[in-house]
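Chemist: Input structure: data.pdb, which contains PDB, C-alpha atoms.
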```pdb
MODEL        1
ATOM      1  CA  MET A   6     -59.378  61.866  53.745  1.00  0.00           C
ATOM      2  CA  ILE A   7     -55.982  60.587  52.600  1.00  0.00           C
ATOM      3  CA  LEU A   8     -54.494  57.107  52.962  1.00  0.00           C
ATOM      4  CA  ILE A   9     -50.895  56.764  54.140  1.00  0.00           C
ATOM      5  CA  ASN A  10     -48.916  53.508  53.835  1.00  0.00           C
ATOM      6  CA  TYR A  11     -45.613  52.576  55.477  1.00  0.00           C
ATOM      7  CA  PHE A  12     -43.417  49.734  54.252  1.00  0.00           C
ATOM      8  CA  ALA A  13     -40.547  47.478  55.299  1.00  0.00           C
ATOM      9  CA  ARG A  14     -38.282  48.923  58.019  1.00  0.00           C
ATOM     10  CA  TYR A  15     -40.489  52.012  58.445  1.00  0.00           C
ATOM     11  CA  ARG A  16     -43.562  49.815  59.005  1.00  0.00           C
ATOM     12  CA  GLU A  17     -41.698  47.824  61.655  1.00  0.00           C
ATOM     13  CA  GLN A  18     -40.175  50.849  63.393  1.00  0.00           C
ATOM     14  CA  LEU A  19     -43.473  52.752  63.489  1.00  0.00           C
ATOM     15  CA  ASN A  20     -45.377  49.543  64.243  1.00  0.00           C
ATOM     16  CA  LEU A  21     -47.961  50.678  61.687  1.00  0.00           C
ATOM     17  CA  GLY A  22     -48.774  49.529  58.148  1.00  0.00           C
ATOM     18  CA  GLY A  23     -51.040  52.406  57.275  1.00  0.00           C
ATOM     19  CA  GLU A  24     -53.561  54.973  58.444  1.00  0.00           C
ATOM     20  CA  LYS A  25     -56.121  57.486  57.255  1.00  0.00           C
ATOM     21  CA  LEU A  26     -55.898  61.193  57.939  1.00  0.00           C
ATOM     22  CA  PRO A  27     -58.367  64.001  57.230  1.00  0.00           C
ATOM     23  CA  LEU A  28     -57.094  66.309  54.490  1.00  0.00           C
ATOM     24  CA  THR A  29     -56.989  69.666  56.231  1.00  0.00           C
ATOM     25  CA  ASP A  30     -56.193  73.041  54.630  1.00  0.00           C
ATOM     26  CA  SER A  31     -52.664  72.988  56.062  1.00  0.00           C
ATOM     27  CA  LEU A  32     -51.823  69.829  54.096  1.00  0.00           C
ATOM     28  CA  ARG A  33     -51.026  70.884  50.553  1.00  0.00           C
ATOM     29  CA  THR A  34     -48.116  68.604  49.625  1.00  0.00           C
ATOM     30  CA  ILE A  35     -46.605  65.254  50.633  1.00  0.00           C
ATOM     31  CA  GLU A  36     -43.903  67.230  52.439  1.00  0.00           C
ATOM     32  CA  ASP A  37     -46.616  68.885  54.588  1.00  0.00           C
ATOM     33  CA  VAL A  38     -47.904  65.419  55.542  1.00  0.00           C
ATOM     34  CA  ARG A  39     -44.387  64.264  56.398  1.00  0.00           C
ATOM     35  CA  ARG A  40     -43.822  67.290  58.639  1.00  0.00           C
ATOM     36  CA  LEU A  41     -47.144  66.759  60.405  1.00  0.00           C
ATOM     37  CA  LEU A  42     -46.263  63.112  61.090  1.00  0.00           C
ATOM     38  CA  MET A  43     -42.731  63.989  62.266  1.00  0.00           C
ATOM     39  CA  ALA A  44     -44.255  66.304  64.890  1.00  0.00           C
ATOM     40  CA  ARG A  45     -45.754  63.231  66.606  1.00  0.00           C
ATOM     41  CA  GLY A  46     -42.532  62.565  68.520  1.00  0.00           C
ATOM     42  CA  GLU A  47     -38.918  61.440  68.468  1.00  0.00           C
ATOM     43  CA  LEU A  48     -39.535  58.062  66.774  1.00  0.00           C
ATOM     44  CA  TRP A  49     -41.554  59.630  63.958  1.00  0.00           C
ATOM     45  CA  ARG A  50     -39.018  62.441  63.595  1.00  0.00           C
ATOM     46  CA  GLN A  51     -36.191  59.905  63.268  1.00  0.00           C
ATOM     47  CA  VAL A  52     -37.885  57.541  60.816  1.00  0.00           C
ATOM     48  CA  LEU A  53     -39.552  60.027  58.480  1.00  0.00           C
ATOM     49  CA  GLY A  54     -36.624  62.437  58.825  1.00  0.00           C
ATOM     50  CA  GLU A  55     -34.201  60.081  57.065  1.00  0.00           C
ATOM     51  CA  ASN A  56     -32.637  61.903  54.140  1.00  0.00           C
ATOM     52  CA  ASN A  57     -32.929  58.974  51.717  1.00  0.00           C
ATOM     53  CA  LEU A  58     -36.659  58.480  52.420  1.00  0.00           C
ATOM     54  CA  MET A  59     -38.691  57.616  49.328  1.00  0.00           C
ATOM     55  CA  CYS A  60     -42.333  58.462  48.736  1.00  0.00           C
ATOM     56  CA  ALA A  61     -45.090  57.591  46.310  1.00  0.00           C
ATOM     57  CA  LEU A  62     -48.322  59.282  45.322  1.00  0.00           C
ATOM     58  CA  ASN A  63     -51.078  56.992  44.083  1.00  0.00           C
ATOM     59  CA  GLN A  64     -48.574  54.172  43.636  1.00  0.00           C
ATOM     60  CA  GLU A  65     -46.018  56.150  41.635  1.00  0.00           C
ATOM     61  CA  LEU A  66     -42.633  57.338  42.860  1.00  0.00           C
ATOM     62  CA  CYS A  67     -42.628  61.101  43.239  1.00  0.00           C
ATOM     63  CA  HIS A  68     -40.938  64.129  44.748  1.00  0.00           C
ATOM     64  CA  PRO A  69     -42.239  65.188  48.204  1.00  0.00           C
ATOM     65  CA  ASP A  70     -43.271  68.581  46.837  1.00  0.00           C
ATOM     66  CA  ARG A  71     -46.143  66.971  44.898  1.00  0.00           C
ATOM     67  CA  VAL A  72     -49.558  68.496  45.661  1.00  0.00           C
ATOM     68  CA  ILE A  73     -52.100  66.083  47.149  1.00  0.00           C
ATOM     69  CA  GLU A  74     -55.854  65.799  46.775  1.00  0.00           C
ATOM     70  CA  ASP A  75     -58.644  64.198  48.729  1.00  0.00           C
ATOM     71  CA  PHE A  76     -58.646  60.360  48.567  1.00  0.00           C
ATOM     72  CA  ASP A  77     -54.995  60.252  47.471  1.00  0.00           C
ATOM     73  CA  GLU A  78     -52.849  57.293  48.490  1.00  0.00           C
ATOM     74  CA  ILE A  79     -49.443  58.285  49.857  1.00  0.00           C
ATOM     75  CA  ALA A  80     -46.632  55.938  50.860  1.00  0.00           C
ATOM     76  CA  PHE A  81     -43.354  56.424  52.723  1.00  0.00           C
ATOM     77  CA  PHE A  82     -40.593  53.824  52.567  1.00  0.00           C
ATOM     78  CA  PRO A  83     -36.814  53.324  52.740  1.00  0.00           C
ATOM     79  CA  PRO A  84     -34.798  52.919  49.510  1.00  0.00           C
ATOM     80  CA  VAL A  85     -35.931  49.800  47.662  1.00  0.00           C
ATOM     81  CA  THR A  86     -33.787  46.640  47.610  1.00  0.00           C
ATOM     82  CA  GLY A  87     -35.417  44.173  45.230  1.00  0.00           C
ATOM     83  CA  GLY A  88     -33.867  42.142  42.427  1.00  0.00           C
TER      84      GLY A  88
ATOM     85  CA  MET B  30     -48.287  37.858  31.013  1.00  0.00           C
ATOM     86  CA  THR B  31     -45.447  40.341  31.005  1.00  0.00           C
ATOM     87  CA  VAL B  32     -45.177  41.156  34.712  1.00  0.00           C
ATOM     88  CA  ARG B  33     -45.674  38.616  37.489  1.00  0.00           C
ATOM     89  CA  VAL B  34     -45.176  38.944  41.247  1.00  0.00           C
ATOM     90  CA  GLN B  35     -45.473  35.570  42.953  1.00  0.00           C
ATOM     91  CA  ARG B  36     -44.468  33.431  45.930  1.00  0.00           C
ATOM     92  CA  GLU B  37     -43.906  30.291  43.835  1.00  0.00           C
ATOM     93  CA  VAL B  38     -40.626  29.364  42.144  1.00  0.00           C
ATOM     94  CA  PHE B  39     -40.567  29.991  38.374  1.00  0.00           C
ATOM     95  CA  ASP B  40     -39.547  27.774  35.456  1.00  0.00           C
ATOM     96  CA  ILE B  41     -36.559  29.489  33.803  1.00  0.00           C
ATOM     97  CA  THR B  42     -36.522  27.304  30.673  1.00  0.00           C
ATOM     98  CA  GLN B  43     -40.199  27.905  30.035  1.00  0.00           C
ATOM     99  CA  LEU B  44     -39.768  31.671  30.474  1.00  0.00           C
ATOM    100  CA  ILE B  45     -36.836  31.793  28.030  1.00  0.00           C
ATOM    101  CA  ASP B  46     -38.806  29.748  25.468  1.00  0.00           C
ATOM    102  CA  SER B  47     -41.813  32.066  25.809  1.00  0.00           C
ATOM    103  CA  LEU B  48     -39.677  35.045  24.708  1.00  0.00           C
ATOM    104  CA  GLN B  49     -39.187  33.539  21.256  1.00  0.00           C
ATOM    105  CA  ALA B  50     -42.303  31.371  20.869  1.00  0.00           C
ATOM    106  CA  ASN B  51     -44.269  31.896  17.632  1.00  0.00           C
ATOM    107  CA  ASP B  52     -42.285  34.982  16.675  1.00  0.00           C
ATOM    108  CA  PRO B  53     -40.004  34.555  13.624  1.00  0.00           C
ATOM    109  CA  GLY B  54     -38.948  38.216  14.050  1.00  0.00           C
ATOM    110  CA  VAL B  55     -36.902  37.329  17.132  1.00  0.00           C
ATOM    111  CA  GLY B  56     -33.166  37.109  16.501  1.00  0.00           C
ATOM    112  CA  ALA B  57     -31.926  37.400  20.082  1.00  0.00           C
ATOM    113  CA  VAL B  58     -33.070  36.509  23.571  1.00  0.00           C
ATOM    114  CA  VAL B  59     -31.212  37.815  26.634  1.00  0.00           C
ATOM    115  CA  ASN B  60     -32.172  37.039  30.207  1.00  0.00           C
ATOM    116  CA  PHE B  61     -31.032  37.694  33.751  1.00  0.00           C
ATOM    117  CA  VAL B  62     -31.768  35.559  36.820  1.00  0.00           C
ATOM    118  CA  GLY B  63     -31.017  36.808  40.340  1.00  0.00           C
ATOM    119  CA  TYR B  64     -30.467  34.295  43.174  1.00  0.00           C
ATOM    120  CA  VAL B  65     -30.329  34.435  46.982  1.00  0.00           C
ATOM    121  CA  ARG B  66     -26.624  34.546  47.921  1.00  0.00           C
ATOM    122  CA  ASP B  67     -25.231  32.830  51.039  1.00  0.00           C
ATOM    123  CA  ILE B  68     -23.094  35.785  52.200  1.00  0.00           C
ATOM    124  CA  ASN B  69     -23.895  39.514  52.278  1.00  0.00           C
ATOM    125  CA  LEU B  70     -21.607  42.192  53.734  1.00  0.00           C
ATOM    126  CA  GLY B  71     -19.367  39.442  55.125  1.00  0.00           C
ATOM    127  CA  GLU B  72     -22.133  37.760  57.101  1.00  0.00           C
ATOM    128  CA  ALA B  73     -23.677  34.338  56.498  1.00  0.00           C
ATOM    129  CA  VAL B  74     -27.293  34.626  55.375  1.00  0.00           C
ATOM    130  CA  ALA B  75     -29.730  31.830  56.233  1.00  0.00           C
ATOM    131  CA  GLY B  76     -32.618  33.115  54.117  1.00  0.00           C
ATOM    132  CA  LEU B  77     -34.550  36.136  52.924  1.00  0.00           C
ATOM    133  CA  PHE B  78     -37.993  37.632  53.218  1.00  0.00           C
ATOM    134  CA  LEU B  79     -39.193  39.853  50.375  1.00  0.00           C
ATOM    135  CA  GLU B  80     -41.824  42.485  51.070  1.00  0.00           C
ATOM    136  CA  HIS B  81     -43.459  44.594  48.353  1.00  0.00           C
ATOM    137  CA  TYR B  82     -46.119  47.248  47.741  1.00  0.00           C
ATOM    138  CA  PRO B  83     -48.987  45.406  46.020  1.00  0.00           C
ATOM    139  CA  GLY B  84     -50.336  47.389  43.084  1.00  0.00           C
ATOM    140  CA  MET B  85     -47.436  49.815  42.878  1.00  0.00           C
ATOM    141  CA  THR B  86     -45.021  46.954  42.207  1.00  0.00           C
ATOM    142  CA  GLU B  87     -46.838  45.873  39.054  1.00  0.00           C
ATOM    143  CA  ARG B  88     -47.303  49.469  37.882  1.00  0.00           C
ATOM    144  CA  SER B  89     -43.647  50.369  38.375  1.00  0.00           C
ATOM    145  CA  LEU B  90     -42.424  47.262  36.537  1.00  0.00           C
ATOM    146  CA  GLN B  91     -44.792  47.974  33.652  1.00  0.00           C
ATOM    147  CA  LYS B  92     -43.505  51.553  33.475  1.00  0.00           C
ATOM    148  CA  ILE B  93     -39.902  50.309  33.310  1.00  0.00           C
ATOM    149  CA  ILE B  94     -40.886  47.986  30.439  1.00  0.00           C
ATOM    150  CA  ASP B  95     -42.642  50.863  28.627  1.00  0.00           C
ATOM    151  CA  ASN B  96     -39.488  52.994  28.953  1.00  0.00           C
ATOM    152  CA  ALA B  97     -37.330  50.139  27.613  1.00  0.00           C
ATOM    153  CA  ARG B  98     -39.690  49.637  24.668  1.00  0.00           C
ATOM    154  CA  ALA B  99     -39.454  53.350  23.853  1.00  0.00           C
ATOM    155  CA  ARG B 100     -35.658  52.995  23.620  1.00  0.00           C
ATOM    156  CA  TRP B 101     -35.085  49.656  21.896  1.00  0.00           C
ATOM    157  CA  PRO B 102     -36.998  47.600  19.292  1.00  0.00           C
ATOM    158  CA  LEU B 103     -38.154  44.818  21.594  1.00  0.00           C
ATOM    159  CA  ARG B 104     -40.447  41.893  20.806  1.00  0.00           C
ATOM    160  CA  ALA B 105     -41.356  40.142  24.096  1.00  0.00           C
ATOM    161  CA  VAL B 106     -40.475  41.187  27.647  1.00  0.00           C
ATOM    162  CA  GLN B 107     -40.941  39.097  30.797  1.00  0.00           C
ATOM    163  CA  ILE B 108     -40.385  40.064  34.421  1.00  0.00           C
ATOM    164  CA  VAL B 109     -41.070  37.643  37.264  1.00  0.00           C
ATOM    165  CA  HIS B 110     -40.237  38.663  40.850  1.00  0.00           C
ATOM    166  CA  ARG B 111     -40.674  36.462  43.908  1.00  0.00           C
ATOM    167  CA  ILE B 112     -42.049  37.675  47.259  1.00  0.00           C
ATOM    168  CA  GLY B 113     -42.267  36.099  50.725  1.00  0.00           C
ATOM    169  CA  PRO B 114     -39.733  33.733  52.327  1.00  0.00           C
ATOM    170  CA  LEU B 115     -36.811  32.514  50.161  1.00  0.00           C
ATOM    171  CA  SER B 116     -33.943  30.119  50.869  1.00  0.00           C
ATOM    172  CA  ILE B 117     -30.291  30.293  49.778  1.00  0.00           C
ATOM    173  CA  SER B 118     -29.768  29.607  46.052  1.00  0.00           C
ATOM    174  CA  GLU B 119     -33.429  30.099  45.200  1.00  0.00           C
ATOM    175  CA  PRO B 120     -34.109  32.325  42.177  1.00  0.00           C
ATOM    176  CA  ILE B 121     -35.531  35.756  43.140  1.00  0.00           C
ATOM    177  CA  VAL B 122     -36.013  37.527  39.853  1.00  0.00           C
ATOM    178  CA  PHE B 123     -36.199  36.805  36.127  1.00  0.00           C
ATOM    179  CA  VAL B 124     -35.870  39.510  33.481  1.00  0.00           C
ATOM    180  CA  GLY B 125     -35.934  38.432  29.845  1.00  0.00           C
ATOM    181  CA  VAL B 126     -36.243  40.302  26.556  1.00  0.00           C
ATOM    182  CA  SER B 127     -36.298  39.390  22.892  1.00  0.00           C
ATOM    183  CA  SER B 128     -35.369  41.576  19.952  1.00  0.00           C
ATOM    184  CA  PRO B 129     -34.370  41.233  16.285  1.00  0.00           C
ATOM    185  CA  HIS B 130     -30.705  41.900  17.235  1.00  0.00           C
ATOM    186  CA  ARG B 131     -28.475  41.117  20.200  1.00  0.00           C
ATOM    187  CA  GLN B 132     -27.251  44.617  21.066  1.00  0.00           C
ATOM    188  CA  ALA B 133     -30.765  45.855  21.819  1.00  0.00           C
ATOM    189  CA  ALA B 134     -31.542  42.709  23.802  1.00  0.00           C
ATOM    190  CA  PHE B 135     -28.380  42.967  25.946  1.00  0.00           C
ATOM    191  CA  GLU B 136     -28.897  46.644  26.668  1.00  0.00           C
ATOM    192  CA  ALA B 137     -32.634  46.466  27.338  1.00  0.00           C
ATOM    193  CA  CYS B 138     -32.209  43.561  29.765  1.00  0.00           C
ATOM    194  CA  ALA B 139     -29.570  45.498  31.740  1.00  0.00           C
ATOM    195  CA  PHE B 140     -31.694  48.677  31.633  1.00  0.00           C
ATOM    196  CA  ILE B 141     -34.767  46.891  33.024  1.00  0.00           C
ATOM    197  CA  MET B 142     -32.776  45.200  35.768  1.00  0.00           C
ATOM    198  CA  ASP B 143     -31.005  48.448  36.736  1.00  0.00           C
ATOM    199  CA  TYR B 144     -34.298  50.353  37.080  1.00  0.00           C
ATOM    200  CA  LEU B 145     -35.977  47.458  38.873  1.00  0.00           C
ATOM    201  CA  LYS B 146     -33.243  47.825  41.524  1.00  0.00           C
ATOM    202  CA  THR B 147     -33.933  51.521  42.152  1.00  0.00           C
ATOM    203  CA  ASP B 148     -37.632  52.052  41.294  1.00  0.00           C
ATOM    204  CA  ALA B 149     -39.619  48.874  42.033  1.00  0.00           C
ATOM    205  CA  PRO B 150     -40.988  48.757  45.618  1.00  0.00           C
ATOM    206  CA  PHE B 151     -39.419  45.540  46.941  1.00  0.00           C
ATOM    207  CA  TRP B 152     -37.521  45.255  50.225  1.00  0.00           C
ATOM    208  CA  LYS B 153     -35.284  42.393  51.412  1.00  0.00           C
ATOM    209  CA  ARG B 154     -35.029  41.335  55.042  1.00  0.00           C
ATOM    210  CA  GLU B 155     -32.167  38.913  55.718  1.00  0.00           C
ATOM    211  CA  ASP B 156     -31.978  36.247  58.386  1.00  0.00           C
ATOM    212  CA  VAL B 157     -28.470  36.370  59.883  1.00  0.00           C
ATOM    213  CA  ALA B 158     -26.936  34.956  63.080  1.00  0.00           C
ATOM    214  CA  GLY B 159     -27.987  37.981  65.139  1.00  0.00           C
ATOM    215  CA  GLY B 160     -31.614  37.910  63.895  1.00  0.00           C
ATOM    216  CA  ALA B 161     -33.299  39.626  60.960  1.00  0.00           C
ATOM    217  CA  ARG B 162     -32.012  42.812  59.326  1.00  0.00           C
ATOM    218  CA  TRP B 163     -33.356  44.981  56.499  1.00  0.00           C
ATOM    219  CA  VAL B 164     -30.955  45.196  53.581  1.00  0.00           C
ATOM    220  CA  ASP B 165     -29.694  48.714  52.792  1.00  0.00           C
ATOM    221  CA  ALA B 166     -29.746  50.033  49.227  1.00  0.00           C
ATOM    222  CA  ARG B 167     -26.368  50.295  47.502  1.00  0.00           C
ATOM    223  CA  ASP B 168     -24.978  53.501  45.991  1.00  0.00           C
ATOM    224  CA  SER B 169     -23.764  51.413  43.035  1.00  0.00           C
ATOM    225  CA  ASP B 170     -27.402  50.679  42.109  1.00  0.00           C
ATOM    226  CA  ARG B 171     -28.069  54.414  41.904  1.00  0.00           C
ATOM    227  CA  SER B 172     -25.021  55.000  39.687  1.00  0.00           C
ATOM    228  CA  ALA B 173     -26.119  52.122  37.424  1.00  0.00           C
ATOM    229  CA  VAL B 174     -29.342  53.931  36.473  1.00  0.00           C
ATOM    230  CA  GLU B 175     -27.575  57.271  36.169  1.00  0.00           C
ATOM    231  CA  ARG B 176     -25.480  55.933  33.292  1.00  0.00           C
ATOM    232  CA  TRP B 177     -28.709  55.286  31.318  1.00  0.00           C
ATOM    233  CA  ALA B 178     -29.851  58.865  31.888  1.00  0.00           C
ATOM    234  CA  GLU B 179     -26.424  60.111  30.766  1.00  0.00           C
ATOM    235  CA  ALA B 180     -26.531  57.897  27.676  1.00  0.00           C
ATOM    236  CA  GLN B 181     -29.931  59.360  26.827  1.00  0.00           C
ATOM    237  CA  GLN B 182     -28.514  62.886  27.182  1.00  0.00           C
ATOM    238  CA  GLN B 183     -25.595  62.052  24.867  1.00  0.00           C
ATOM    239  CA  VAL B 184     -28.048  60.844  22.222  1.00  0.00           C
ATOM    240  CA  ALA B 185     -30.045  64.072  22.556  1.00  0.00           C
ATOM    241  CA  ILE B 186     -26.877  66.163  22.160  1.00  0.00           C
ATOM    242  CA  GLN B 187     -25.804  64.202  19.061  1.00  0.00           C
ATOM    243  CA  HIS B 188     -29.272  64.653  17.538  1.00  0.00           C
ATOM    244  CA  ALA B 189     -29.124  68.388  18.244  1.00  0.00           C
ATOM    245  CA  ARG B 190     -25.713  68.666  16.496  1.00  0.00           C
ATOM    246  CA  ALA B 191     -26.723  66.619  13.488  1.00  0.00           C
TER     247      ALA B 191
ENDMDL
END
```
Produce structure tokens that represent the structure in this file.
Modeler:
Amino acid sequence: MILINYFARYREQLNLGGEKLPLTDSLRTIEDVRRLLMARGELWRQVLGENNLMCALNQELCHPDRVIEDFDEIAFFPPVTGG
Amino acid sequence: MTVRVQREVFDITQLIDSLQANDPGVGAVVNFVGYVRDINLGEAVAGLFLEHYPGMTERSLQKIIDNARARWPLRAVQIVHRIGPLSISEPIVFVGVSSPHRQAAFEACAFIMDYLKTDAPFWKREDVAGGARWVDARDSDRSAVERWAEAQQQVAIQHARA
């Protein structure tokens, strides 16, 4: 099982703050998870297909090619705008 | 406490004092305070809402501090960032550092603020006449952190030549 969080504009557009997904054999990296989610339909394809999308693995910024493990916490969000 | 994420307003004078308190090794204190501006991209802003990623926020700020400490001889470092609803002219963020000398303090404060802008998971939603809109990241924030990476590379090259 993996935990996926969505923040800010993505959370609003997807109308979802987070969800759990079973970690199947086809999901090796964060990019695999993103592609699986984008296959859900046009809205998901648009939001998670943005080229400046940021992602985090276990609360650290990372590249989408990072390999995931069971019980990992993944997050997808638009570029940050604090400060 | 070095990193704080809070809804409440912060006391700037107290934070500045804390950077030097009981430390005779401090020769310089530099701080930055960010405020909610009334106009963004030509539109009047009535207020802001700041969302963040609890847990990751604190970790990312701590990592930025660790990286700054690896680069400059710093004494104390303080970051306070507000979340939730904020009105015009309210302070959003405080970054303060102390060091034996001013150059390190100036540079480290700018470094921390630059990385906070690109790496810390905060998002601003503005209230404007047409409703609420999520603020887009600026390319200039990205180029601000790139200059630190370039500076680091220059140092590495000079060391290699020496």
Chemist: Do you know which residues are at most 8 Å from Pro150 in chain B counting all atoms listed in the file, after dropping those on the same chain fewer than 5 positions away, and could you put them as a ChimeraX atom specification?
Modeler: /A:85-87 /B:81-82,85-86,89
Chemist: Could you save those same residues with C-alpha atoms as a PDB file, in the coordinates of the input?
Modeler:
```pdb
ATOM      1  CA  VAL A  85     -35.931  49.800  47.662  1.00  0.00           C
ATOM      2  CA  THR A  86     -33.787  46.640  47.610  1.00  0.00           C
ATOM      3  CA  GLY A  87     -35.417  44.173  45.230  1.00  0.00           C
TER       4      GLY A  87
ATOM      5  CA  HIS B  81     -43.459  44.594  48.353  1.00  0.00           C
ATOM      6  CA  TYR B  82     -46.119  47.248  47.741  1.00  0.00           C
ATOM      7  CA  MET B  85     -47.436  49.815  42.878  1.00  0.00           C
ATOM      8  CA  THR B  86     -45.021  46.954  42.207  1.00  0.00           C
ATOM      9  CA  SER B  89     -43.647  50.369  38.375  1.00  0.00           C
TER      10      SER B  89
END
```
Chemist: Here is a test: counting only C-alpha atoms, which residue of A:Met43, A:Cys67, A:Leu32, A:Ile73 is nearest to chain B?
Modeler: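 Among the listed residues, the smallest separation from chain B belongs to A:Cys67.
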Chemist: For CA of Ile45 in chain B and CA of Ser172 in chain B, determine how far apart the two atoms are, in Å to one decimal place.
Modeler: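 Distance between the two atoms: 28.5 Å.
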Chemist: Apply the PyMOL selection byres ((chain B and resi 103-111) around 8) to the file shown and report the selected residues as a PyMOL selection string.
Modeler: (chain A and resi 88) or (chain B and resi 30-39+44+48-49+54-55+79+90+94+98+101-102+112-113+120-129+133-134)
Chemist: CA of Val157 in chain B and CA of Tyr11 in chain A, how far apart in Å?
Modeler: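 One can read the CA of Tyr11 in chain A to CA of Val157 in chain B distance as 24.0 Å.
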Chemist: Enumerate as a list in words the residues belonging to chain B that approach chain A to within 7 Å, with all atoms listed in the file taken into account.
Modeler: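 My answer is Gly63, Glu80, Met85, Ile121, Val122, Leu145, Lys146, Thr147, Asp148, Ala149, Pro150, Phe151, Trp152, Lys153, Trp163, Val164, Asp165 and Ala166 of chain B.
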Chemist: Quick check, in Å to one decimal: how far apart do CA of Leu42 in chain A and CA of Met6 in chain A lie?
Modeler: 15.1 Å
Chemist: With all atoms listed in the file as the atoms that count, which of A:Asp30, A:Leu19, A:Glu24, A:Pro69 lies nearest to Gly46 in chain A?
Modeler: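 Ranked by minimum distance to Gly46 in chain A, first place goes to A:Leu19.
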Chemist: Compare B:Glu119, B:Glu136, B:Asp95, B:Glu72 by their minimum atom-to-atom distance to Gly160 in chain B, counting all atoms listed in the file, and give me the closest one.
Modeler: B:Glu72
Chemist: For each of B:Ile141, B:Glu155, B:Ala173, B:Val65, take the minimum atom-to-atom distance to Gln91 in chain B, counting only C-alpha atoms, then give the residue where this is smallest.
Modeler: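 Ranking B:Ile141, B:Glu155, B:Ala173, B:Val65 by distance to Gln91 in chain B, first place goes to B:Ile141.
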Chemist: Please, can range 73-84 of chain B be completed to N, CA, C and O atoms and returned as a PDB file, in the frame of the given file?
Modeler:
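Saved result, rebuild23.pdb, follows:
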```
ATOM      1  N   ALA B  73     -22.934  35.468  57.052  1.00  0.00           N
ATOM      2  CA  ALA B  73     -23.677  34.338  56.498  1.00  0.00           C
ATOM      3  C   ALA B  73     -25.174  34.635  56.564  1.00  0.00           C
ATOM      4  O   ALA B  73     -25.686  35.084  57.581  1.00  0.00           O
ATOM      5  N   VAL B  74     -25.849  34.393  55.455  1.00  0.00           N
ATOM      6  CA  VAL B  74     -27.293  34.626  55.375  1.00  0.00           C
ATOM      7  C   VAL B  74     -28.006  33.277  55.331  1.00  0.00           C
ATOM      8  O   VAL B  74     -27.650  32.411  54.540  1.00  0.00           O
ATOM      9  N   ALA B  75     -29.002  33.109  56.183  1.00  0.00           N
ATOM     10  CA  ALA B  75     -29.730  31.830  56.233  1.00  0.00           C
ATOM     11  C   ALA B  75     -30.908  31.831  55.262  1.00  0.00           C
ATOM     12  O   ALA B  75     -31.302  30.794  54.743  1.00  0.00           O
ATOM     13  N   GLY B  76     -31.480  33.000  55.027  1.00  0.00           N
ATOM     14  CA  GLY B  76     -32.618  33.115  54.117  1.00  0.00           C
ATOM     15  C   GLY B  76     -33.049  34.556  54.009  1.00  0.00           C
ATOM     16  O   GLY B  76     -32.464  35.446  54.642  1.00  0.00           O
ATOM     17  N   LEU B  77     -34.070  34.778  53.188  1.00  0.00           N
ATOM     18  CA  LEU B  77     -34.550  36.136  52.924  1.00  0.00           C
ATOM     19  C   LEU B  77     -36.054  36.202  53.062  1.00  0.00           C
ATOM     20  O   LEU B  77     -36.740  35.197  52.862  1.00  0.00           O
ATOM     21  N   PHE B  78     -36.565  37.399  53.371  1.00  0.00           N
ATOM     22  CA  PHE B  78     -37.993  37.632  53.218  1.00  0.00           C
ATOM     23  C   PHE B  78     -38.144  38.860  52.324  1.00  0.00           C
ATOM     24  O   PHE B  78     -37.502  39.875  52.550  1.00  0.00           O
ATOM     25  N   LEU B  79     -38.993  38.738  51.300  1.00  0.00           N
ATOM     26  CA  LEU B  79     -39.193  39.853  50.375  1.00  0.00           C
ATOM     27  C   LEU B  79     -40.566  40.461  50.544  1.00  0.00           C
ATOM     28  O   LEU B  79     -41.584  39.808  50.346  1.00  0.00           O
ATOM     29  N   GLU B  80     -40.570  41.742  50.947  1.00  0.00           N
ATOM     30  CA  GLU B  80     -41.824  42.485  51.070  1.00  0.00           C
ATOM     31  C   GLU B  80     -41.998  43.358  49.826  1.00  0.00           C
ATOM     32  O   GLU B  80     -41.013  43.738  49.187  1.00  0.00           O
ATOM     33  N   HIS B  81     -43.247  43.681  49.481  1.00  0.00           N
ATOM     34  CA  HIS B  81     -43.459  44.594  48.353  1.00  0.00           C
ATOM     35  C   HIS B  81     -44.713  45.428  48.585  1.00  0.00           C
ATOM     36  O   HIS B  81     -45.388  45.271  49.604  1.00  0.00           O
ATOM     37  N   TYR B  82     -44.969  46.330  47.651  1.00  0.00           N
ATOM     38  CA  TYR B  82     -46.119  47.248  47.741  1.00  0.00           C
ATOM     39  C   TYR B  82     -47.098  46.807  46.659  1.00  0.00           C
ATOM     40  O   TYR B  82     -46.966  47.208  45.503  1.00  0.00           O
ATOM     41  N   PRO B  83     -48.069  45.956  47.029  1.00  0.00           N
ATOM     42  CA  PRO B  83     -48.987  45.406  46.020  1.00  0.00           C
ATOM     43  C   PRO B  83     -49.649  46.535  45.218  1.00  0.00           C
ATOM     44  O   PRO B  83     -50.053  47.542  45.786  1.00  0.00           O
ATOM     45  N   GLY B  84     -49.751  46.350  43.931  1.00  0.00           N
ATOM     46  CA  GLY B  84     -50.336  47.389  43.084  1.00  0.00           C
ATOM     47  C   GLY B  84     -49.248  48.274  42.505  1.00  0.00           C
ATOM     48  O   GLY B  84     -49.033  48.311  41.299  1.00  0.00           O
TER      49      GLY B  84
END
```
